[in-house]
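Note sheet for the following structure.
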Amino acid sequence: MKIEHIEAIPLDMQLEEVFKGGTYQVASRPTIVTRVHLANGVVGETYGGDEFHTQTEIVSVMRDHLAPLLLGQDVRDFQRLWEAMFNVNVDLGNRGLHQLDMHPRGILLQAISALDNAMWDARGKLYGVPVYKLLGGSRDSVPVISIGGYYPKNGEDPAEAIAAEVDLVRSVGCMGIKMKVGRASLEEDLARVRAARQAGGPDFVITVDANQGWDPLDAIKFCVAMERADLGVRWMEEPIKWYDQTDGLMLLSTRTTIPINVGQGEISGRACRDLIQKGGVSILNLDCTLCGGVTEWQRVADMAKLMNVEMAHHEEPQVAIHLIAANPHGLFVEIFANKRRDPLLWELPDGFPDIANGYMKVPQEPGFGIRLRPEVIERYRID
């Protein structure tokens with residue numbers, strides 16, 4: 001049961017093209033492979049995260065500050081080990097300034113997340129059951145949607161581009177798409193959502209993600225316009241700019257019946273509590289590679305259930321599939337149907353994901369049930 005050795009391996013691969021969302025663009029796919037070796041020979045292994053700005057710092061915190069706390073400890077004591085990591089005394093440049101200090105605290109929480117997730121894989125292997133069974137085992141398959149709808153290249157017709165992508169998403173086996181808005185004008189983005197609905201038909205799931213692109217009044221205009229057009233949008237994700245994440249969201253929630261989904265950028269359960277109580281949100285898409293791992297994510301999920309809030313998960317299907325499957329108020333697992341956007345999903349795991357007819361099957365092997373290909377790790381490791 002004792003933790004004997006820990007590995008943190010940073011990976012990165014350049015993408016074939018640049019993908020543009022509402023407020024950002026993506027040109028590479030970084031991640032961190034984490035292994036927790038137990039004295040009895042069990043190895044917890046997973047990957048997660050896509051932080052390219054501070055990947056080196058995250059790995060350093062894992063190796064130099066958190067691993068020493070875990071060595072020799074019983075991997076089963078997840079509450080005690082999580083608290084030890086969360087309360088570690090490490091100077092990451094904290095200055096006592098709330099907004100500026102979110103950056104170093106985000107480094108710490110991502111380091112905790114990687115280790116916590118790998119330890120959950122080890123616990124599942126130790127007990128011989130999948131992680132979703134340890135967490136509750138609500139179902140063994142989960143509906144899956146694809147993140148997409150990025151802004152087209154110069155010269156491409158936006159409506160034709162989104163229609164073609166809807167066809168791709170369906171061909172992969174997904175039941176819907178999460179498409180990007182927030183970069184173009186409200187009118188252009190509305191036309192793109194309308195084109196997705198026309199291409200997908202009435203039963204195709206459409207969610208929209210502005211990546212914190214609007215002020216509250218523009219978000220209200222867009223949501224009201226989508227309702228008037230009867231586009232059947234399942235949720236509006238991250239509509240409000242970063243500086244108005246409670247009052248702005250609450251204002252929006254009083255003006256639209258479209259469920260509001262936020263939380264992927266939060267790094268603590270307490271922040272999610274505030275989003276529910278002060279932001280009027282309907283869905284939390286917390287990311288267990290950012291917030292402190294499976295342990296903290298499940299705490300938030302338990303809180304959300306009692307407050308009639310549904311749970312989603314931002315990307316990372318290799319872990320998210322277990323979290324959504326464990327909770328009856330979990331929604332969709334997210335993937336990138338376009339393999340050029342996340343090549344690692346299709347190269348790094350062996351035999352995952354298993355998708356058909358709109359659903360992803362939960363791996364049934366112990367832990368997260370996914371074997372990572374060592375040759376792929378060696379090909380893209382950057383340390």
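Each chain in the structure tokens gets a letter, A, B and so on, in the order shown; residues start at 1 in every chain, and ligands are counted from 1 in the order they appear.
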- Could you give me, as a list in words, the residues within 10 Å of Asp189 (chain A), counting only C-alpha atoms and dropping anything in the same chain fewer than 2 positions from it?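 Listing them by chain and then by number gives Tyr151, Pro158, Ala159, Met179, Lys180, Val181, Gly182, Arg183, Ala184, Ser185, Leu186, Glu187, Ala191, Arg192, Val193, Arg194, Ala195, Val208, Ala210 and Phe222 of chain A.
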- All alpha helix (DSSP H) positions in region 192-322 of chain A, as a PyMOL selection string: chain A and resi 192-200+216-228+247-253+269-279+293-306+317-322
- Which neighbours of region 346-349 of chain A fall inside 7 Å, counting only C-alpha atoms, when residues of the same chain fewer than 3 positions from it are skipped, and could you give them as a PyMOL selection string? chain A and resi 343+352+370-373+376
Take the residues from that selection and put them in a file with C-alpha atoms, as a PDB file, in the first residue's frame.
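File produced: out_2.pdb:
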ATOM      1  CA  PRO A 343      -3.785  13.795 -31.487  1.00  0.00           C
ATOM      2  CA  PHE A 352      -9.549   4.148 -25.836  1.00  0.00           C
ATOM      3  CA  ILE A 370      -6.360   2.655 -19.819  1.00  0.00           C
ATOM      4  CA  ARG A 371      -2.863   1.531 -20.768  1.00  0.00           C
ATOM      5  CA  LEU A 372      -0.651   4.326 -22.043  1.00  0.00           C
ATOM      6  CA  ARG A 373       1.641   3.462 -24.928  1.00  0.00           C
ATOM      7  CA  VAL A 376       4.261   7.474 -27.580  1.00  0.00           C
TER       8      VAL A 376
END
- Message: For the structure I just gave you, how does DSSP split region 256-311 of chain A - specifically, which residues are strand (DSSP E or B)? Reply as a PyMOL selection string.
- Response: chain A and resi 260-262+283-284+310-311
- For Lys125 (chain A), list every protein, DNA or RNA residue within 12 Å, evaluated using only C-alpha atoms, and leave out those in the same chain fewer than 5 positions away; present the list as a ChimeraX atom specification. /A:1,36-38,40-45,75-76,118-120,130-131,133-134,364-370
